[in-house]
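A.B. asks: Attaching a single structure in structure tokens format; questions to follow.
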Amino acid sequence: MQQPKVLTGVDVASTTTSVMKKLPEVTLAFWIMKIAATTLGETAGDLFSQTLKLGYFLTTIALFLIFVVTLVVQLRSSRYNPFFYWTVILSTSMAGTTMSDFMNRDASAKYLSNGATSLGWGPQGLGLGYPAGAAILLSILMVIFSVWRLSGMTFQIRDIVTFRGEALFWSAILVSNTLGTSMGDFLSDSSGLGYAGGALLVTGLLAVLVALMKVPVVPNVLLFWIAFVLTRPLGATAGDFLTKPVAKGGLNLGTPGSSAVLLAVLLGLMAYAHVRERRTRAEQG
């Protein structure tokens, strides 16, 4: 009897590698943590670039350096560690937020409120706009996947155990989170749907992916990566909904308070994942 498919980023027919795994099992808890991390990435990125007025340029450089540091720690780890893994996910989400903003925005009144004419030191932004920025990022993501495919390495994340495989995986994660930010900002700011409407649309698309799990001809790995990209705009719209003014359709909770609450939630989930991982290792001897 054929086993049912799940949105795990692995094919049913794949075999378990004997090498120590570096990436997590993809379960419902994985997706909950992914959404929490991407929502925090949105609010924390906005906290540094907008609330603290560091600007998109300086914040992008700082957060990208943090991403590099967390990635080195993850790559040097000999086995999966929930704190290392989810810290990298969070750093890609924060860096992706400001990278997207720097690409898409500028110093016009459309993006700078309260009569401000500048935001931090350095270039205010490239002003490409959300559609152009998303198209560029999607093209880069397709190049990464093409190189990945030509390398002959697996797309099944539970079987990614080599340095090259992890490097391709994290490159795709960084670009997909940046792309997801552009998509989320477009839905929230330019589509007319608003923050709640954008979040509902993305949730509906994710529900379609869940339904497609029952279609045998649709590759499970493809569904995983589409879902991974879509959970980023869900986090972006949810983050904007929490922090933006009521006049713009948000709850006006502010970036500091929202970021603190989301960080506490994510740390709690990471601790839970760490306990489960240790328990699993103990059971396996």
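Each chain in the structure tokens gets a letter, A, B and so on, in the order shown; residues start at 1 in every chain, and ligands are counted from 1 in the order they appear.
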Can you write out as a Markdown table which residues of region 81-156 of chain A fall within 10 Å of region 179-186 of chain A, alongside each residue's closest atom pair and its distance in Å to one decimal, counting only C-alpha atoms and ordering rows by chain and ascending residue number?
C.D. replies:
```
| residue | atom | partner | partner_atom | distance |
| --- | --- | --- | --- | --- |
| A:Ser93 | CA | A:Thr181 | CA | 8.4 |
| A:Met94 | CA | A:Thr181 | CA | 9.8 |
| A:Gly96 | CA | A:Thr181 | CA | 6.8 |
| A:Thr97 | CA | A:Thr181 | CA | 5.8 |
| A:Thr98 | CA | A:Thr181 | CA | 8.9 |
| A:Met99 | CA | A:Thr181 | CA | 9.0 |
| A:Ser100 | CA | A:Ser182 | CA | 5.8 |
| A:Asp101 | CA | A:Ser182 | CA | 7.7 |
| A:Met103 | CA | A:Ser182 | CA | 9.1 |
| A:Asn104 | CA | A:Ser182 | CA | 7.7 |
| A:Gly129 | CA | A:Phe186 | CA | 8.8 |
| A:Tyr130 | CA | A:Ser182 | CA | 5.6 |
| A:Pro131 | CA | A:Phe186 | CA | 7.5 |
| A:Ala132 | CA | A:Ser182 | CA | 9.4 |
| A:Gly133 | CA | A:Ser182 | CA | 6.8 |
| A:Ala134 | CA | A:Leu179 | CA | 5.6 |
| A:Ala135 | CA | A:Leu179 | CA | 8.5 |
| A:Ile136 | CA | A:Leu179 | CA | 8.7 |
| A:Leu137 | CA | A:Leu179 | CA | 5.6 |
| A:Leu138 | CA | A:Leu179 | CA | 6.7 |
| A:Ile140 | CA | A:Leu179 | CA | 9.6 |
| A:Leu141 | CA | A:Leu179 | CA | 8.6 |
```
A.B. asks: Restricted to all heavy atoms, what would the selected residues look like written as a compact mmCIF listing (two decimals), in the first residue's frame?
C.D. replies:
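Final output, out-v6.txt:
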```
# COMPACT_ATOMS: atom_id res chain seq x y z
N SER A 93 15.52 35.73 7.87
CA SER A 93 14.26 36.47 7.82
C SER A 93 14.48 37.96 8.09
O SER A 93 13.90 38.82 7.41
CB SER A 93 13.27 35.90 8.84
OG SER A 93 12.95 34.56 8.55
N MET A 94 15.33 38.27 9.08
CA MET A 94 15.61 39.67 9.37
C MET A 94 16.38 40.32 8.24
O MET A 94 16.04 41.43 7.79
CB MET A 94 16.39 39.78 10.68
CG MET A 94 15.61 39.40 11.92
SD MET A 94 16.44 39.84 13.48
CE MET A 94 17.94 38.86 13.34
N GLY A 96 16.50 39.29 5.17
CA GLY A 96 15.64 39.33 3.99
C GLY A 96 14.67 40.50 4.01
O GLY A 96 14.36 41.08 2.97
N THR A 97 14.21 40.86 5.21
CA THR A 97 13.29 41.99 5.34
C THR A 97 13.94 43.28 4.87
O THR A 97 13.39 44.02 4.05
CB THR A 97 12.83 42.15 6.80
OG1 THR A 97 12.06 41.00 7.18
CG2 THR A 97 11.98 43.40 6.99
N THR A 98 15.14 43.57 5.38
CA THR A 98 15.78 44.85 5.03
C THR A 98 16.39 44.80 3.63
O THR A 98 16.45 45.83 2.95
CB THR A 98 16.85 45.21 6.06
OG1 THR A 98 17.79 44.13 6.19
CG2 THR A 98 16.22 45.47 7.42
N MET A 99 16.84 43.63 3.18
CA MET A 99 17.32 43.51 1.80
C MET A 99 16.20 43.82 0.81
O MET A 99 16.39 44.53 -0.18
CB MET A 99 17.89 42.11 1.56
CG MET A 99 19.22 41.85 2.24
SD MET A 99 19.69 40.10 2.22
CE MET A 99 19.83 39.80 0.45
N SER A 100 15.02 43.27 1.09
CA SER A 100 13.86 43.54 0.23
C SER A 100 13.49 45.02 0.27
O SER A 100 13.24 45.63 -0.78
CB SER A 100 12.68 42.68 0.68
OG SER A 100 11.49 43.06 0.01
N ASP A 101 13.46 45.60 1.48
CA ASP A 101 13.10 47.01 1.60
C ASP A 101 14.11 47.90 0.87
O ASP A 101 13.74 48.88 0.22
CB ASP A 101 13.04 47.41 3.08
CG ASP A 101 11.83 46.81 3.80
OD1 ASP A 101 10.91 46.35 3.11
OD2 ASP A 101 11.83 46.81 5.04
N MET A 103 15.95 47.10 -1.71
CA MET A 103 15.76 46.93 -3.15
C MET A 103 14.53 47.68 -3.66
O MET A 103 14.58 48.35 -4.69
CB MET A 103 15.60 45.44 -3.50
CG MET A 103 16.84 44.60 -3.36
SD MET A 103 16.49 42.87 -3.75
CE MET A 103 15.97 42.99 -5.47
N ASN A 104 13.44 47.59 -2.92
CA ASN A 104 12.15 48.02 -3.45
C ASN A 104 11.76 49.44 -3.11
O ASN A 104 10.97 50.05 -3.83
CB ASN A 104 11.05 47.07 -2.94
CG ASN A 104 11.29 45.64 -3.36
OD1 ASN A 104 11.82 45.37 -4.43
ND2 ASN A 104 10.92 44.70 -2.50
N GLY A 129 10.70 48.96 -6.70
CA GLY A 129 9.29 48.60 -6.62
C GLY A 129 9.13 47.11 -6.36
O GLY A 129 9.99 46.30 -6.72
N TYR A 130 8.03 46.75 -5.75
CA TYR A 130 7.81 45.36 -5.35
C TYR A 130 7.76 44.37 -6.53
O TYR A 130 8.37 43.30 -6.45
CB TYR A 130 6.53 45.23 -4.51
CG TYR A 130 6.58 46.04 -3.24
CD1 TYR A 130 5.55 46.92 -2.91
CD2 TYR A 130 7.65 45.92 -2.36
CE1 TYR A 130 5.59 47.67 -1.73
CE2 TYR A 130 7.70 46.66 -1.19
CZ TYR A 130 6.67 47.54 -0.88
OH TYR A 130 6.72 48.28 0.27
N PRO A 131 7.05 44.65 -7.62
CA PRO A 131 7.02 43.68 -8.73
C PRO A 131 8.40 43.42 -9.32
O PRO A 131 8.78 42.27 -9.55
CB PRO A 131 6.08 44.34 -9.74
CG PRO A 131 5.22 45.25 -8.93
CD PRO A 131 6.11 45.76 -7.86
N ALA A 132 9.16 44.50 -9.59
CA ALA A 132 10.50 44.33 -10.16
C ALA A 132 11.42 43.61 -9.20
O ALA A 132 12.19 42.71 -9.59
CB ALA A 132 11.08 45.68 -10.56
N GLY A 133 11.36 44.01 -7.92
CA GLY A 133 12.20 43.35 -6.92
C GLY A 133 11.88 41.87 -6.80
O GLY A 133 12.80 41.03 -6.73
N ALA A 134 10.60 41.52 -6.80
CA ALA A 134 10.20 40.11 -6.71
C ALA A 134 10.65 39.34 -7.94
O ALA A 134 11.09 38.19 -7.83
CB ALA A 134 8.68 40.01 -6.54
N ALA A 135 10.57 39.96 -9.12
CA ALA A 135 10.99 39.28 -10.36
C ALA A 135 12.49 38.99 -10.33
O ALA A 135 12.93 37.90 -10.73
CB ALA A 135 10.64 40.15 -11.56
N ILE A 136 13.29 39.95 -9.85
CA ILE A 136 14.74 39.75 -9.76
C ILE A 136 15.05 38.63 -8.78
O ILE A 136 15.86 37.73 -9.07
CB ILE A 136 15.42 41.06 -9.34
CG1 ILE A 136 15.32 42.10 -10.45
CG2 ILE A 136 16.90 40.81 -9.00
CD1 ILE A 136 15.78 43.48 -10.04
N LEU A 137 14.42 38.66 -7.62
CA LEU A 137 14.69 37.64 -6.60
C LEU A 137 14.23 36.26 -7.05
O LEU A 137 14.90 35.26 -6.78
CB LEU A 137 13.99 38.03 -5.30
CG LEU A 137 14.58 39.25 -4.59
CD1 LEU A 137 13.62 39.77 -3.53
CD2 LEU A 137 15.93 38.92 -3.97
N LEU A 138 13.10 36.20 -7.75
CA LEU A 138 12.63 34.91 -8.27
C LEU A 138 13.61 34.36 -9.29
O LEU A 138 13.89 33.15 -9.31
CB LEU A 138 11.25 35.08 -8.91
CG LEU A 138 10.61 33.81 -9.47
CD1 LEU A 138 10.42 32.77 -8.37
CD2 LEU A 138 9.27 34.14 -10.13
N ILE A 140 16.87 34.93 -9.35
CA ILE A 140 18.03 34.45 -8.59
C ILE A 140 17.74 33.11 -7.96
O ILE A 140 18.58 32.19 -7.97
CB ILE A 140 18.43 35.48 -7.52
CG1 ILE A 140 18.90 36.79 -8.17
CG2 ILE A 140 19.54 34.92 -6.62
CD1 ILE A 140 19.15 37.90 -7.18
N LEU A 141 16.53 32.95 -7.41
CA LEU A 141 16.16 31.68 -6.78
C LEU A 141 16.15 30.55 -7.80
O LEU A 141 16.60 29.44 -7.52
CB LEU A 141 14.79 31.82 -6.11
CG LEU A 141 14.32 30.64 -5.26
CD1 LEU A 141 15.30 30.37 -4.11
CD2 LEU A 141 12.92 30.90 -4.70
```
A.B. asks: Taking only C-alpha atoms into account, which of A:Leu206, A:Val161, A:Ala29, A:Leu128 comes nearest Arg232 (chain A)?
C.D. replies: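 Smallest distance to Arg232 (chain A) is found for A:Leu206.
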A.B. asks: Could you pull the residues within 7 Å of Thr237 (chain A), counting only C-alpha atoms, minus those fewer than 2 positions along the same chain, as a list of chain:residue names?
C.D. replies: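 My reading of the contact set: A:Gly184, A:Asp185, A:Ser188, A:Tyr195, A:Gly198, A:Ala199, A:Pro233, A:Leu234, A:Gly235, A:Gly239, A:Asp240, A:Phe241.
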A.B. asks: With N, CA, C and O atoms retained, could you export that selection as an mmCIF file, in the first residue's frame?
C.D. replies:
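As a result, again-v6.cif now contains:
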```cif
data_model
loop_
_atom_site.group_PDB
_atom_site.id
_atom_site.type_symbol
_atom_site.label_atom_id
_atom_site.label_comp_id
_atom_site.auth_asym_id
_atom_site.auth_seq_id
_atom_site.Cartn_x
_atom_site.Cartn_y
_atom_site.Cartn_z
ATOM 1 N N GLY A 184 5.035 39.754 0.315
ATOM 2 C CA GLY A 184 4.169 40.160 1.420
ATOM 3 C C GLY A 184 3.920 41.653 1.447
ATOM 4 O O GLY A 184 2.792 42.104 1.673
ATOM 5 N N ASP A 185 4.975 42.453 1.205
ATOM 6 C CA ASP A 185 4.810 43.907 1.183
ATOM 7 C C ASP A 185 3.931 44.349 0.019
ATOM 8 O O ASP A 185 3.150 45.290 0.141
ATOM 9 N N SER A 188 0.386 43.627 1.046
ATOM 10 C CA SER A 188 -0.083 44.507 2.118
ATOM 11 C C SER A 188 -0.243 45.947 1.656
ATOM 12 O O SER A 188 -1.215 46.623 2.002
ATOM 13 N N TYR A 195 -3.339 44.312 5.202
ATOM 14 C CA TYR A 195 -2.561 43.307 5.935
ATOM 15 C C TYR A 195 -3.366 42.034 6.190
ATOM 16 O O TYR A 195 -2.891 40.925 5.937
ATOM 17 N N GLY A 198 -4.130 40.267 2.817
ATOM 18 C CA GLY A 198 -2.960 39.590 2.281
ATOM 19 C C GLY A 198 -2.669 38.299 3.014
ATOM 20 O O GLY A 198 -2.347 37.271 2.408
ATOM 21 N N ALA A 199 -2.786 38.331 4.342
ATOM 22 C CA ALA A 199 -2.553 37.125 5.140
ATOM 23 C C ALA A 199 -3.578 36.046 4.813
ATOM 24 O O ALA A 199 -3.236 34.854 4.720
ATOM 25 N N PRO A 233 5.744 35.553 3.021
ATOM 26 C CA PRO A 233 4.787 36.666 2.953
ATOM 27 C C PRO A 233 3.696 36.575 4.005
ATOM 28 O O PRO A 233 3.154 37.604 4.424
ATOM 29 N N LEU A 234 3.364 35.359 4.457
ATOM 30 C CA LEU A 234 2.403 35.243 5.556
ATOM 31 C C LEU A 234 2.988 35.891 6.808
ATOM 32 O O LEU A 234 2.297 36.656 7.509
ATOM 33 N N GLY A 235 4.263 35.629 7.082
ATOM 34 C CA GLY A 235 4.911 36.259 8.217
ATOM 35 C C GLY A 235 5.045 37.758 8.051
ATOM 36 O O GLY A 235 4.881 38.529 8.999
ATOM 37 N N GLY A 239 3.304 40.332 10.445
ATOM 38 C CA GLY A 239 4.128 41.287 11.170
ATOM 39 C C GLY A 239 3.666 42.717 10.961
ATOM 40 O O GLY A 239 3.601 43.509 11.910
ATOM 41 N N ASP A 240 3.343 43.066 9.713
ATOM 42 C CA ASP A 240 2.831 44.406 9.433
ATOM 43 C C ASP A 240 1.494 44.642 10.128
ATOM 44 O O ASP A 240 1.226 45.737 10.627
ATOM 45 N N PHE A 241 0.658 43.618 10.154
ATOM 46 C CA PHE A 241 -0.642 43.735 10.808
ATOM 47 C C PHE A 241 -0.484 44.030 12.299
ATOM 48 O O PHE A 241 -1.241 44.808 12.887
#
```
A.B. asks: Leaving out Leu63 (chain A) and any residue of its chain fewer than 2 positions from it, which residues lie within 9 Å of it when counting only C-alpha atoms, given as a list in words?
C.D. replies: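 Here the qualifying residues turn out to be Gly45, Leu58, Thr59, Thr60, Ile61, Leu65, Ile66, Phe67, Val68, Ser91, Thr92, Met94, Ala95, Gly96 and Thr98 of chain A.
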A.B. asks: Go ahead and write the selection's residues with N, CA, C and O atoms as a CSV table (one decimal), in the first residue's frame.
C.D. replies:
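Below is the file that was written, again32.csv:
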```csv
chain,number,residue,atom,x,y,z
A,45,GLY,N,13.4,43.3,11.8
A,45,GLY,CA,14.0,44.1,10.7
A,45,GLY,C,13.5,45.5,10.6
A,45,GLY,O,14.3,46.4,10.5
A,58,LEU,N,22.4,50.4,6.3
A,58,LEU,CA,23.2,50.0,7.4
A,58,LEU,C,22.6,48.7,8.0
A,58,LEU,O,23.4,47.8,8.4
A,59,THR,N,21.3,48.7,8.2
A,59,THR,CA,20.7,47.5,8.8
A,59,THR,C,20.9,46.2,8.0
A,59,THR,O,21.1,45.2,8.5
A,60,THR,N,20.8,46.4,6.6
A,60,THR,CA,21.1,45.2,5.8
A,60,THR,C,22.5,44.7,5.9
A,60,THR,O,22.7,43.5,6.0
A,61,ILE,N,23.5,45.6,6.0
A,61,ILE,CA,24.8,45.2,6.2
A,61,ILE,C,25.0,44.4,7.5
A,61,ILE,O,25.6,43.4,7.6
A,65,LEU,N,25.7,40.4,8.1
A,65,LEU,CA,26.9,39.9,8.8
A,65,LEU,C,26.5,38.9,9.9
A,65,LEU,O,27.1,37.9,10.2
A,66,ILE,N,25.3,39.2,10.6
A,66,ILE,CA,24.8,38.3,11.6
A,66,ILE,C,24.4,37.0,11.0
A,66,ILE,O,24.7,35.9,11.6
A,67,PHE,N,23.8,37.0,9.8
A,67,PHE,CA,23.5,35.8,9.1
A,67,PHE,C,24.7,35.0,8.8
A,67,PHE,O,24.7,33.7,9.0
A,68,VAL,N,25.8,35.6,8.4
A,68,VAL,CA,27.0,34.9,8.1
A,68,VAL,C,27.6,34.2,9.3
A,68,VAL,O,28.0,33.0,9.3
A,91,SER,N,17.8,34.8,11.3
A,91,SER,CA,18.7,35.8,10.7
A,91,SER,C,18.4,36.0,9.2
A,91,SER,O,18.6,37.1,8.7
A,92,THR,N,18.1,34.9,8.5
A,92,THR,CA,17.7,35.1,7.1
A,92,THR,C,16.4,35.9,6.9
A,92,THR,O,16.3,36.7,6.0
A,94,MET,N,15.3,38.3,9.1
A,94,MET,CA,15.6,39.7,9.4
A,94,MET,C,16.4,40.3,8.2
A,94,MET,O,16.0,41.4,7.8
A,95,ALA,N,17.4,39.7,7.8
A,95,ALA,CA,18.2,40.2,6.7
A,95,ALA,C,17.4,40.3,5.4
A,95,ALA,O,17.4,41.3,4.7
A,96,GLY,N,16.5,39.3,5.2
A,96,GLY,CA,15.6,39.3,4.0
A,96,GLY,C,14.7,40.5,4.0
A,96,GLY,O,14.4,41.1,3.0
A,98,THR,N,15.1,43.6,5.4
A,98,THR,CA,15.8,44.8,5.0
A,98,THR,C,16.4,44.8,3.6
A,98,THR,O,16.5,45.8,3.0
```
A.B. asks: Run DSSP on the backbone and give me the residues of region 98-243 of chain A it puts in alpha helix (DSSP H), as a PDB file with C-alpha atoms, in the first residue's frame.
C.D. replies:
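Dumped everything to states23.pdb:
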```pdb
ATOM      1  CA  THR A  98      15.777  44.846   5.030  1.00  0.00           C
ATOM      2  CA  MET A  99      17.320  43.513   1.800  1.00  0.00           C
ATOM      3  CA  SER A 100      13.864  43.538   0.229  1.00  0.00           C
ATOM      4  CA  ASP A 101      13.102  47.011   1.597  1.00  0.00           C
ATOM      5  CA  PHE A 102      16.419  48.356   0.307  1.00  0.00           C
ATOM      6  CA  MET A 103      15.758  46.931  -3.148  1.00  0.00           C
ATOM      7  CA  ASN A 104      12.151  48.015  -3.446  1.00  0.00           C
ATOM      8  CA  TYR A 130       7.812  45.356  -5.352  1.00  0.00           C
ATOM      9  CA  PRO A 131       7.018  43.676  -8.729  1.00  0.00           C
ATOM     10  CA  ALA A 132      10.497  44.326 -10.165  1.00  0.00           C
ATOM     11  CA  GLY A 133      12.199  43.347  -6.919  1.00  0.00           C
ATOM     12  CA  ALA A 134      10.201  40.115  -6.709  1.00  0.00           C
ATOM     13  CA  ALA A 135      10.993  39.282 -10.356  1.00  0.00           C
ATOM     14  CA  ILE A 136      14.737  39.745  -9.758  1.00  0.00           C
ATOM     15  CA  LEU A 137      14.686  37.643  -6.601  1.00  0.00           C
ATOM     16  CA  LEU A 138      12.628  34.911  -8.273  1.00  0.00           C
ATOM     17  CA  SER A 139      15.175  34.793 -11.098  1.00  0.00           C
ATOM     18  CA  ILE A 140      18.032  34.454  -8.595  1.00  0.00           C
ATOM     19  CA  LEU A 141      16.163  31.685  -6.779  1.00  0.00           C
ATOM     20  CA  MET A 142      15.645  29.822 -10.067  1.00  0.00           C
ATOM     21  CA  VAL A 143      19.374  30.094 -10.800  1.00  0.00           C
ATOM     22  CA  ILE A 144      20.177  28.622  -7.376  1.00  0.00           C
ATOM     23  CA  PHE A 145      17.790  25.720  -7.949  1.00  0.00           C
ATOM     24  CA  SER A 146      19.245  25.153 -11.443  1.00  0.00           C
ATOM     25  CA  VAL A 147      22.789  25.006 -10.053  1.00  0.00           C
ATOM     26  CA  TRP A 148      21.512  22.720  -7.302  1.00  0.00           C
ATOM     27  CA  ARG A 149      19.935  20.369  -9.818  1.00  0.00           C
ATOM     28  CA  LEU A 150      23.001  20.334 -12.090  1.00  0.00           C
ATOM     29  CA  SER A 151      25.180  19.481  -9.083  1.00  0.00           C
ATOM     30  CA  PHE A 163      28.791  21.225   3.096  1.00  0.00           C
ATOM     31  CA  ARG A 164      27.924  21.968  -0.557  1.00  0.00           C
ATOM     32  CA  GLY A 165      24.371  20.754  -0.070  1.00  0.00           C
ATOM     33  CA  GLU A 166      23.913  22.921   3.008  1.00  0.00           C
ATOM     34  CA  ALA A 167      25.443  25.931   1.223  1.00  0.00           C
ATOM     35  CA  LEU A 168      22.906  25.600  -1.606  1.00  0.00           C
ATOM     36  CA  PHE A 169      20.091  25.041   0.892  1.00  0.00           C
ATOM     37  CA  TRP A 170      20.879  28.174   2.906  1.00  0.00           C
ATOM     38  CA  SER A 171      21.393  30.258  -0.237  1.00  0.00           C
ATOM     39  CA  ALA A 172      17.909  29.256  -1.342  1.00  0.00           C
ATOM     40  CA  ILE A 173      16.538  30.020   2.132  1.00  0.00           C
ATOM     41  CA  LEU A 174      18.019  33.545   2.193  1.00  0.00           C
ATOM     42  CA  VAL A 175      16.731  34.429  -1.269  1.00  0.00           C
ATOM     43  CA  SER A 176      13.322  32.825  -0.687  1.00  0.00           C
ATOM     44  CA  ASN A 177      12.849  34.786   2.538  1.00  0.00           C
ATOM     45  CA  THR A 178      13.818  38.016   0.751  1.00  0.00           C
ATOM     46  CA  LEU A 179      11.435  37.149  -2.093  1.00  0.00           C
ATOM     47  CA  GLY A 180       8.691  36.373   0.393  1.00  0.00           C
ATOM     48  CA  THR A 181       9.148  39.795   1.996  1.00  0.00           C
ATOM     49  CA  SER A 182       8.694  41.503  -1.374  1.00  0.00           C
ATOM     50  CA  MET A 183       5.573  39.454  -2.039  1.00  0.00           C
ATOM     51  CA  GLY A 184       4.169  40.160   1.420  1.00  0.00           C
ATOM     52  CA  ASP A 185       4.810  43.907   1.183  1.00  0.00           C
ATOM     53  CA  GLY A 194      -4.429  45.228   3.254  1.00  0.00           C
ATOM     54  CA  TYR A 195      -2.561  43.307   5.935  1.00  0.00           C
ATOM     55  CA  ALA A 196      -5.394  41.009   6.979  1.00  0.00           C
ATOM     56  CA  GLY A 197      -6.504  40.431   3.387  1.00  0.00           C
ATOM     57  CA  GLY A 198      -2.960  39.590   2.281  1.00  0.00           C
ATOM     58  CA  ALA A 199      -2.553  37.125   5.140  1.00  0.00           C
ATOM     59  CA  LEU A 200      -5.865  35.470   4.279  1.00  0.00           C
ATOM     60  CA  LEU A 201      -4.860  35.139   0.615  1.00  0.00           C
ATOM     61  CA  VAL A 202      -1.561  33.470   1.483  1.00  0.00           C
ATOM     62  CA  THR A 203      -3.321  31.191   3.968  1.00  0.00           C
ATOM     63  CA  GLY A 204      -5.706  30.166   1.197  1.00  0.00           C
ATOM     64  CA  LEU A 205      -2.800  29.375  -1.129  1.00  0.00           C
ATOM     65  CA  LEU A 206      -1.194  27.257   1.580  1.00  0.00           C
ATOM     66  CA  ALA A 207      -4.483  25.387   1.965  1.00  0.00           C
ATOM     67  CA  VAL A 208      -4.358  24.631  -1.770  1.00  0.00           C
ATOM     68  CA  LEU A 209      -0.872  23.166  -1.317  1.00  0.00           C
ATOM     69  CA  VAL A 210      -2.181  20.941   1.466  1.00  0.00           C
ATOM     70  CA  ALA A 211      -4.905  19.703  -0.905  1.00  0.00           C
ATOM     71  CA  LEU A 212      -2.283  19.032  -3.605  1.00  0.00           C
ATOM     72  CA  ASN A 220       6.401  16.613  -2.692  1.00  0.00           C
ATOM     73  CA  VAL A 221       9.689  18.528  -2.835  1.00  0.00           C
ATOM     74  CA  LEU A 222       8.081  21.136  -5.115  1.00  0.00           C
ATOM     75  CA  LEU A 223       5.201  21.600  -2.670  1.00  0.00           C
ATOM     76  CA  PHE A 224       7.675  22.034   0.185  1.00  0.00           C
ATOM     77  CA  TRP A 225       9.618  24.836  -1.492  1.00  0.00           C
ATOM     78  CA  ILE A 226       6.487  26.667  -2.638  1.00  0.00           C
ATOM     79  CA  ALA A 227       5.165  26.458   0.925  1.00  0.00           C
ATOM     80  CA  PHE A 228       8.515  27.643   2.271  1.00  0.00           C
ATOM     81  CA  VAL A 229       8.365  30.753   0.080  1.00  0.00           C
ATOM     82  CA  LEU A 230       4.690  31.430   0.850  1.00  0.00           C
ATOM     83  CA  THR A 231       5.106  31.238   4.623  1.00  0.00           C
ATOM     84  CA  ARG A 232       7.420  34.254   4.354  1.00  0.00           C
ATOM     85  CA  PRO A 233       4.787  36.666   2.953  1.00  0.00           C
ATOM     86  CA  LEU A 234       2.403  35.243   5.556  1.00  0.00           C
ATOM     87  CA  GLY A 235       4.911  36.259   8.217  1.00  0.00           C
ATOM     88  CA  ALA A 236       5.484  39.628   6.537  1.00  0.00           C
ATOM     89  CA  THR A 237       1.786  40.498   6.382  1.00  0.00           C
ATOM     90  CA  ALA A 238       1.209  39.204   9.920  1.00  0.00           C
ATOM     91  CA  GLY A 239       4.128  41.287  11.170  1.00  0.00           C
ATOM     92  CA  ASP A 240       2.831  44.406   9.433  1.00  0.00           C
ATOM     93  CA  PHE A 241      -0.642  43.735  10.808  1.00  0.00           C
ATOM     94  CA  LEU A 242       0.765  43.660  14.336  1.00  0.00           C
ATOM     95  CA  THR A 243       2.947  46.768  14.065  1.00  0.00           C
TER      96      THR A 243
END
```
A.B. asks: Could you tell me how far CA of Thr43 (chain A) lies from CA of Ser258 (chain A), in Å and to one decimal?
C.D. replies: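 Pair CA of Thr43 (chain A) / CA of Ser258 (chain A) returns 6.8 Å.
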A.B. asks: For region 74-85 of chain A, list every protein, DNA or RNA residue within 7 Å, evaluated using only C-alpha atoms, and leave out those in the same chain fewer than 4 positions away; present the list as an NGL selection string.
C.D. replies: :A and (20-24 or 70 or 89 or 270 or 273-274)
A.B. asks: Can I get the selected residues back with N, CA and C atoms, as a tab-separated table (two decimals), in the first residue's frame?
C.D. replies:
```
chain	number	residue	atom	x	y	z
A	20	MET	N	25.06	11.57	9.91
A	20	MET	CA	24.39	12.38	10.92
A	20	MET	C	23.63	13.53	10.28
A	21	LYS	N	22.37	13.65	10.55
A	21	LYS	CA	21.56	14.69	9.92
A	21	LYS	C	21.86	16.04	10.53
A	22	LYS	N	21.79	17.09	9.66
A	22	LYS	CA	22.07	18.45	10.09
A	22	LYS	C	20.82	19.32	10.07
A	23	LEU	N	19.76	18.84	9.44
A	23	LEU	CA	18.54	19.62	9.28
A	23	LEU	C	17.38	18.90	9.96
A	24	PRO	N	16.33	19.62	10.33
A	24	PRO	CA	15.26	19.02	11.13
A	24	PRO	C	14.29	18.18	10.31
A	70	THR	N	25.86	33.29	12.11
A	70	THR	CA	24.98	32.18	12.51
A	70	THR	C	25.11	31.01	11.55
A	89	ILE	N	17.55	30.59	10.47
A	89	ILE	CA	16.27	30.92	9.83
A	89	ILE	C	15.85	32.33	10.23
A	270	MET	N	11.81	26.75	20.32
A	270	MET	CA	13.16	26.21	20.13
A	270	MET	C	13.55	25.32	21.30
A	273	ALA	N	11.73	22.08	20.89
A	273	ALA	CA	12.35	21.28	19.84
A	273	ALA	C	13.65	20.65	20.33
A	274	HIS	N	14.41	21.40	21.15
A	274	HIS	CA	15.67	20.88	21.68
A	274	HIS	C	15.41	19.70	22.61
```
A.B. asks: Could you give me, as a Markdown table, every region 230-282 of chain A residue with an atom at most 12 Å from region 109-113 of chain A, plus its closest atom pair and distance in Å to one decimal, counting only C-alpha atoms, rows ordered by chain then number?
C.D. replies:
```
| residue | atom | partner | partner_atom | distance |
| --- | --- | --- | --- | --- |
| A:Lys244 | CA | A:Ser113 | CA | 11.4 |
| A:Pro245 | CA | A:Ser113 | CA | 11.1 |
| A:Lys248 | CA | A:Ser113 | CA | 11.8 |
```
A.B. asks: Do a neighbour search on Gln50 (chain A) at 9 Å with only C-alpha atoms, toss out local chain neighbours closer than 4 positions, and write the hits as a list of chain:residue names.
C.D. replies: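 Final neighbour list, sorted by chain and number: A:Gly45, A:Asp46, A:Leu54, A:Gly55, A:Tyr56, A:Leu112, A:Leu119, A:Gly120.
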A.B. asks: Of the candidates A:Val261, A:Val88, A:Lys53, A:Gly268, which shows the shortest atom-to-atom distance to Val69 (chain A), using only C-alpha atoms?
C.D. replies: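 Of the candidates, the smallest distance to Val69 (chain A) is held by A:Val88.
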A.B. asks: So the first atom is CA of Gly257 (chain A) and the second is CA of Leu28 (chain A); what is the distance between them in Å, to one decimal place?
C.D. replies: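 Value for the CA of Gly257 (chain A)-CA of Leu28 (chain A) distance: 26.6 Å.
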